[in-house]
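Quick notes on the structure that follows.
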Amino acid sequence: MNKKTIRIAGDTWGLRRCPYCGSEDIIGHGVQHNGSHPKRKKCKTCGRTFNLKKGTIFYRKKMSRETILTIVYLFLTRYPISNMPPLVHVTERSIRNLLEEVITRFKKYEALIVAPSDYIPKIIEMDEIYIKIQGYRAFYGWLAYDAENKYLIDFVTGKRDDDTLEKVFKKLKKYKGKTELVLIDAYKGYEKFIEKYLTDGGKKPLTGVINKSQYTKTEGFVTYALFGQSKQSVEDRMASLGLGRKITTALIECLNSQIRDLCNCMRRRSKRIPRLLSWGEKAISGFKFMHNFLKAHLTLSEKSSKNWITVPVTPCMNAGICNHQISLIEILNFRF
Ligand SMILES: [Zn+2]
């Protein structure tokens, strides 16, 4: 892993402020009983006392700060959860509880960051993911991906049906008439939703049906185009927008491995489908936050001649949604 792919340390200015009134005028207060006892501070502005860790992930945890950071880092770099206990001396149950809390934290943080109104994905690629349990596809997710900025716009989980798919499109309707190119697979439901949610007046977005599993040199990815448009025009637009031939295949593979790992414990406990769905949803949320905010994208970042990241750029930075690469400590220390 590149040293700058995931930033661990970062700005923690928020911790030098009072969690109640935001004042920076705080002083040490009270007695520390022993080294590990949390130190209390007092705010000189509002007079309240507080634990510095309050609101952060480290508040009231038995695990050390280093252990928590290690578990989160290993998880984000796709180290299997079931292999962690002997390394970090924590039970798998506790690791899962911690990661569940981390993902909730990601979601809350994401809700605070709103994409600017001028953010428009020029390309929207739709994808589906699933996991199998005992041979049948028990879990589905639909994704909308901005292939230019490598940004995961949104997703929904549920069944592989039009009702679930429509929920993703409802989230995309703010881009109506503005997105230039839509890439989909052969699922029949897409066409009517592209007309309903992404078409403004008579101007239908250029829409290509792509086949990722059967790429051939002669055929390429694009199988055909919708709305009477030509396959060639889709290919030309893809080339002019700088889209390579890999598209999201790699992203979907990473996502699948993360979902499988988070859902593995559920599979062992046989048919608890509702729990499985909720873990699947968590897996995608966690992946989405990591992909968009935490991880420098190799093709977006500046690199040295040896392909080391010199200036890290995340998909959110490229899309103009967040101005810096969020570090692990920044998100774990953030006070809610
Ligand atoms: Zn205060």
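By convention here, the chains of the structure tokens are called A, B, ... in the order presented, each chain's residues are numbered starting at 1, and ligands are numbered starting at 1 in the order presented.
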
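Around Met1 (chain A), within 10 Å and counting only C-alpha atoms, the residues found are Ile6, Thr77 and Trp308 of chain A, once anything fewer than 5 positions away on its own chain is removed.
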
Could you write those residues out with N, CA and C atoms, as an mmCIF file, in the first residue's frame?
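Below you can see out.cif, which holds the result:
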```cif
data_model
loop_
_atom_site.group_PDB
_atom_site.id
_atom_site.type_symbol
_atom_site.label_atom_id
_atom_site.label_comp_id
_atom_site.auth_asym_id
_atom_site.auth_seq_id
_atom_site.Cartn_x
_atom_site.Cartn_y
_atom_site.Cartn_z
ATOM 1 N N ILE A 6 -3.925 6.036 2.459
ATOM 2 C CA ILE A 6 -4.811 6.359 3.581
ATOM 3 C C ILE A 6 -4.008 7.195 4.567
ATOM 4 N N THR A 77 -8.138 -1.661 4.702
ATOM 5 C CA THR A 77 -7.231 -2.217 3.702
ATOM 6 C C THR A 77 -7.581 -3.684 3.417
ATOM 7 N N TRP A 308 4.632 6.088 -6.954
ATOM 8 C CA TRP A 308 4.263 6.381 -5.576
ATOM 9 C C TRP A 308 3.433 7.653 -5.579
#
```

(message) Using only C-alpha atoms and all ligand atoms, which residues have at least one atom no more than 8 Å from ligand 1? Output them as a list in words.
(response) Arg17, Cys18, Pro19, Tyr20, Cys21, Gly22, Ser23, Asp25, Ile26, Lys42, Cys43, Lys44, Thr45, Cys46, Gly47 and Arg48 of chain A

Keeping only C-alpha atoms, take the residues you just selected and write them out as a PDB file, in the first residue's frame.
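The result, stored in selection-v7.pdb:
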```pdb
ATOM      1  CA  ARG A  17     -12.343  23.174  21.785  1.00  0.00           C
ATOM      2  CA  CYS A  18     -15.164  22.928  24.291  1.00  0.00           C
ATOM      3  CA  PRO A  19     -17.731  20.354  23.054  1.00  0.00           C
ATOM      4  CA  TYR A  20     -20.587  22.475  24.447  1.00  0.00           C
ATOM      5  CA  CYS A  21     -19.873  26.012  23.256  1.00  0.00           C
ATOM      6  CA  GLY A  22     -16.902  25.631  20.870  1.00  0.00           C
ATOM      7  CA  SER A  23     -14.669  27.961  22.868  1.00  0.00           C
ATOM      8  CA  ASP A  25     -10.392  28.815  26.092  1.00  0.00           C
ATOM      9  CA  ILE A  26     -10.131  25.527  28.001  1.00  0.00           C
ATOM     10  CA  LYS A  42     -12.867  22.938  32.019  1.00  0.00           C
ATOM     11  CA  CYS A  43     -14.175  25.582  29.649  1.00  0.00           C
ATOM     12  CA  LYS A  44     -13.448  29.105  30.858  1.00  0.00           C
ATOM     13  CA  THR A  45     -16.173  30.536  28.646  1.00  0.00           C
ATOM     14  CA  CYS A  46     -19.198  28.460  29.671  1.00  0.00           C
ATOM     15  CA  GLY A  47     -17.766  26.955  32.847  1.00  0.00           C
ATOM     16  CA  ARG A  48     -18.625  23.344  32.039  1.00  0.00           C
TER      17      ARG A  48
END
```

(request) Determine, counting only C-alpha atoms, which protein, DNA and RNA residues have an atom within 9 Å of an atom of Tyr140 (chain A); residues of the same chain fewer than 6 positions away are not included. Present the result as a list in words. (result) Glu128, Ile129, Tyr130, Ile131, Val156, Thr157, Gly158, Lys159, Arg160, Leu277 and Gly280 of chain A

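Among A:Asn149, A:Ala319, A:Thr314, A:Gly242, the residue with the shortest atom-to-atom distance to Glu302 (chain A), counting only C-alpha atoms, is A:Thr314.
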
(message) Counting only C-alpha atoms, which residue out of A:Met238, A:Ile71, A:Ile103, A:Val168 sits closest to Glu148 (chain A)?
(response) A:Met238

(message) When you look at Leu52 (chain A) with a cut-off of 7 Å (counting only C-alpha atoms), what residues show up, excluding the ones that are within fewer than 2 positions of it in the same chain? I need them as an NGL selection string.
(response) :A and (15 or 39-41 or 50 or 54)

Write the residues of the preceding selection, restricted to C-alpha atoms, as an mmCIF file, in the first residue's frame.
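again.cif was written with the following content:
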```cif
data_model
loop_
_atom_site.group_PDB
_atom_site.id
_atom_site.type_symbol
_atom_site.label_atom_id
_atom_site.label_comp_id
_atom_site.auth_asym_id
_atom_site.auth_seq_id
_atom_site.Cartn_x
_atom_site.Cartn_y
_atom_site.Cartn_z
ATOM 1 C CA LEU A 15 -10.322 18.454 20.304
ATOM 2 C CA LYS A 39 -8.385 13.796 31.853
ATOM 3 C CA ARG A 40 -11.149 16.293 32.477
ATOM 4 C CA LYS A 41 -11.012 19.806 31.112
ATOM 5 C CA PHE A 50 -15.900 17.590 30.159
ATOM 6 C CA LYS A 54 -16.459 12.755 24.733
#
```

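You can rank A:Tyr73, A:Ala115, A:Asp185, A:Thr310 by their closest distance to Ala9 (chain A) using only C-alpha atoms, and at the top of that list sits A:Tyr73.
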
(message) Would you pick out the contacts of Thr67 (chain A) at 10 Å or less, using only C-alpha atoms, so that residues sharing its chain but fewer than 6 positions from it are not included, and give the list as a PyMOL selection string?
(response) chain A and resi 73+87-90

Expected file: the selected residues, N, CA and C atoms, as a PDB file, in the first residue's frame:
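Done, and the output landed in again.pdb:
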```
ATOM      1  N   TYR A  73      -7.757   0.548  10.384  1.00  0.00           N
ATOM      2  CA  TYR A  73      -6.855   0.552   9.224  1.00  0.00           C
ATOM      3  C   TYR A  73      -6.852  -0.808   8.527  1.00  0.00           C
ATOM      4  N   LEU A  87      -4.070 -10.948  16.484  1.00  0.00           N
ATOM      5  CA  LEU A  87      -3.139  -9.843  16.247  1.00  0.00           C
ATOM      6  C   LEU A  87      -3.389  -8.677  17.201  1.00  0.00           C
ATOM      7  N   VAL A  88      -4.667  -8.376  17.445  1.00  0.00           N
ATOM      8  CA  VAL A  88      -4.978  -7.189  18.252  1.00  0.00           C
ATOM      9  C   VAL A  88      -5.463  -7.546  19.661  1.00  0.00           C
ATOM     10  N   HIS A  89      -5.564  -8.846  19.956  1.00  0.00           N
ATOM     11  CA  HIS A  89      -6.002  -9.327  21.278  1.00  0.00           C
ATOM     12  C   HIS A  89      -7.375  -8.789  21.666  1.00  0.00           C
ATOM     13  N   VAL A  90      -8.282  -8.829  20.718  1.00  0.00           N
ATOM     14  CA  VAL A  90      -9.658  -8.403  20.954  1.00  0.00           C
ATOM     15  C   VAL A  90     -10.542  -9.475  20.312  1.00  0.00           C
TER      16      VAL A  90
END
```

(request) Could you tell me how far CA of Phe336 (chain A) lies from CA of Thr104 (chain A), in Å and to one decimal? (result) 11.1 Å

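CA of Met126 (chain A) lies 9.8 Å from CA of Phe169 (chain A).
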
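Residues surrounding Leu76 (chain A) within 10 Å are Ile6, Thr70, Ile71, Gln258, Gly286, Phe287, Met290, His291, Leu294 and Lys295 of chain A [only C-alpha atoms; sequence separation below 5 positions excluded].
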
(message) Residues within 9 Å of region 92-101 of chain A, please, as a PyMOL selection string. Count only C-alpha atoms; anything in the same chain fewer than 3 positions from it doesn't count.
(response) chain A and resi 57+68+71-72+75+81-85+104-106+262+279+282

Hey, can you spit out that residue selection with N, CA, C and O atoms as a PDB file, in the first residue's frame?
```pdb
ATOM      1  N   ILE A  57     -14.770   8.395  18.984  1.00  0.00           N
ATOM      2  CA  ILE A  57     -14.895   6.936  19.034  1.00  0.00           C
ATOM      3  C   ILE A  57     -14.141   6.365  20.241  1.00  0.00           C
ATOM      4  O   ILE A  57     -14.416   5.264  20.695  1.00  0.00           O
ATOM      5  N   ILE A  68      -7.571   0.560  18.362  1.00  0.00           N
ATOM      6  CA  ILE A  68      -8.718   1.006  17.562  1.00  0.00           C
ATOM      7  C   ILE A  68      -8.254   1.447  16.171  1.00  0.00           C
ATOM      8  O   ILE A  68      -8.810   1.035  15.157  1.00  0.00           O
ATOM      9  N   ILE A  71      -7.285  -1.656  14.069  1.00  0.00           N
ATOM     10  CA  ILE A  71      -8.436  -2.415  13.570  1.00  0.00           C
ATOM     11  C   ILE A  71      -9.084  -1.691  12.386  1.00  0.00           C
ATOM     12  O   ILE A  71      -9.376  -2.298  11.353  1.00  0.00           O
ATOM     13  N   VAL A  72      -9.270  -0.387  12.524  1.00  0.00           N
ATOM     14  CA  VAL A  72      -9.930   0.361  11.448  1.00  0.00           C
ATOM     15  C   VAL A  72      -9.058   0.363  10.190  1.00  0.00           C
ATOM     16  O   VAL A  72      -9.539   0.151   9.077  1.00  0.00           O
ATOM     17  N   PHE A  75      -9.172  -3.054   8.558  1.00  0.00           N
ATOM     18  CA  PHE A  75     -10.472  -3.245   7.907  1.00  0.00           C
ATOM     19  C   PHE A  75     -10.524  -2.501   6.571  1.00  0.00           C
ATOM     20  O   PHE A  75     -10.937  -3.049   5.552  1.00  0.00           O
ATOM     21  N   ILE A  81     -11.661  -9.777   8.944  1.00  0.00           N
ATOM     22  CA  ILE A  81     -11.987  -9.559  10.354  1.00  0.00           C
ATOM     23  C   ILE A  81     -11.668 -10.799  11.192  1.00  0.00           C
ATOM     24  O   ILE A  81     -11.144 -10.698  12.297  1.00  0.00           O
ATOM     25  N   SER A  82     -11.950 -11.977  10.632  1.00  0.00           N
ATOM     26  CA  SER A  82     -11.742 -13.213  11.402  1.00  0.00           C
ATOM     27  C   SER A  82     -10.258 -13.475  11.687  1.00  0.00           C
ATOM     28  O   SER A  82      -9.928 -14.261  12.566  1.00  0.00           O
ATOM     29  N   ASN A  83      -9.351 -12.818  10.953  1.00  0.00           N
ATOM     30  CA  ASN A  83      -7.914 -12.984  11.217  1.00  0.00           C
ATOM     31  C   ASN A  83      -7.376 -11.974  12.223  1.00  0.00           C
ATOM     32  O   ASN A  83      -6.229 -12.056  12.631  1.00  0.00           O
ATOM     33  N   MET A  84      -8.193 -11.003  12.610  1.00  0.00           N
ATOM     34  CA  MET A  84      -7.685  -9.926  13.468  1.00  0.00           C
ATOM     35  C   MET A  84      -7.497 -10.302  14.945  1.00  0.00           C
ATOM     36  O   MET A  84      -6.537  -9.833  15.559  1.00  0.00           O
ATOM     37  N   PRO A  85      -8.395 -11.123  15.560  1.00  0.00           N
ATOM     38  CA  PRO A  85      -8.310 -11.307  17.017  1.00  0.00           C
ATOM     39  C   PRO A  85      -6.926 -11.657  17.569  1.00  0.00           C
ATOM     40  O   PRO A  85      -6.471 -10.995  18.510  1.00  0.00           O
ATOM     41  N   THR A 104     -21.253   3.740  11.325  1.00  0.00           N
ATOM     42  CA  THR A 104     -22.290   4.710  11.699  1.00  0.00           C
ATOM     43  C   THR A 104     -21.703   6.117  11.727  1.00  0.00           C
ATOM     44  O   THR A 104     -22.310   7.084  11.266  1.00  0.00           O
ATOM     45  N   ARG A 105     -20.483   6.208  12.237  1.00  0.00           N
ATOM     46  CA  ARG A 105     -19.760   7.477  12.294  1.00  0.00           C
ATOM     47  C   ARG A 105     -19.511   8.025  10.883  1.00  0.00           C
ATOM     48  O   ARG A 105     -19.706   9.205  10.615  1.00  0.00           O
ATOM     49  N   PHE A 106     -19.088   7.167   9.974  1.00  0.00           N
ATOM     50  CA  PHE A 106     -18.881   7.572   8.576  1.00  0.00           C
ATOM     51  C   PHE A 106     -20.164   8.176   8.007  1.00  0.00           C
ATOM     52  O   PHE A 106     -20.153   9.202   7.352  1.00  0.00           O
ATOM     53  N   LEU A 262     -17.715  -8.734   5.563  1.00  0.00           N
ATOM     54  CA  LEU A 262     -18.601  -8.263   6.628  1.00  0.00           C
ATOM     55  C   LEU A 262     -19.787  -9.199   6.821  1.00  0.00           C
ATOM     56  O   LEU A 262     -20.325  -9.312   7.904  1.00  0.00           O
ATOM     57  N   TRP A 279     -26.079  -6.004   7.366  1.00  0.00           N
ATOM     58  CA  TRP A 279     -24.614  -6.006   7.237  1.00  0.00           C
ATOM     59  C   TRP A 279     -24.195  -5.618   5.827  1.00  0.00           C
ATOM     60  O   TRP A 279     -23.205  -4.924   5.623  1.00  0.00           O
ATOM     61  N   LYS A 282     -24.366  -1.973   5.572  1.00  0.00           N
ATOM     62  CA  LYS A 282     -23.226  -1.379   6.288  1.00  0.00           C
ATOM     63  C   LYS A 282     -21.942  -1.500   5.477  1.00  0.00           C
ATOM     64  O   LYS A 282     -21.134  -0.580   5.426  1.00  0.00           O
TER      65      LYS A 282
END
```

(request) Per DSSP on the backbone, filter region 37-243 of chain A down to the residues in strand (DSSP E) and report them as a ChimeraX atom specification. (result) /A:40-43,49-51,123-133,136-146,151-158,181-184,206-210,222-225

(request) Please return as JSON, numbers by chain: the residues of region 65-308 of chain A that backbone DSSP assigns to helix (DSSP H, G or I). (result) {"A": [65, 66, 67, 68, 69, 70, 71, 72, 73, 74, 75, 76, 81, 82, 83, 85, 86, 87, 88, 92, 93, 94, 95, 96, 97, 98, 99, 100, 101, 102, 103, 104, 105, 106, 107, 108, 109, 110, 111, 112, 162, 163, 164, 165, 166, 167, 168, 169, 170, 171, 172, 173, 174, 175, 190, 191, 192, 193, 194, 195, 196, 197, 198, 231, 232, 233, 234, 235, 236, 237, 238, 239, 240, 249, 250, 251, 252, 253, 254, 255, 256, 257, 258, 259, 260, 261, 262, 263, 264, 265, 266, 267, 268, 273, 274, 275, 276, 277, 278, 279, 280, 281, 282, 283, 284, 285, 286, 287, 288, 289, 290, 291, 292, 293, 294]}

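When only C-alpha atoms are used to compute distances to Pro80 (chain A), the closest of the residues A:Ser257, A:Thr56, A:Asn333, A:Ser117 turns out to be A:Ser257.
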
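The spacing separating CA of Val102 (chain A) from CA of Leu152 (chain A) amounts to 19.1 Å.
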
(message) Counting only C-alpha atoms, which residue out of A:Arg60, A:Lys4, A:Arg65, A:Lys173 sits closest to Glu195 (chain A)?
(response) A:Lys173
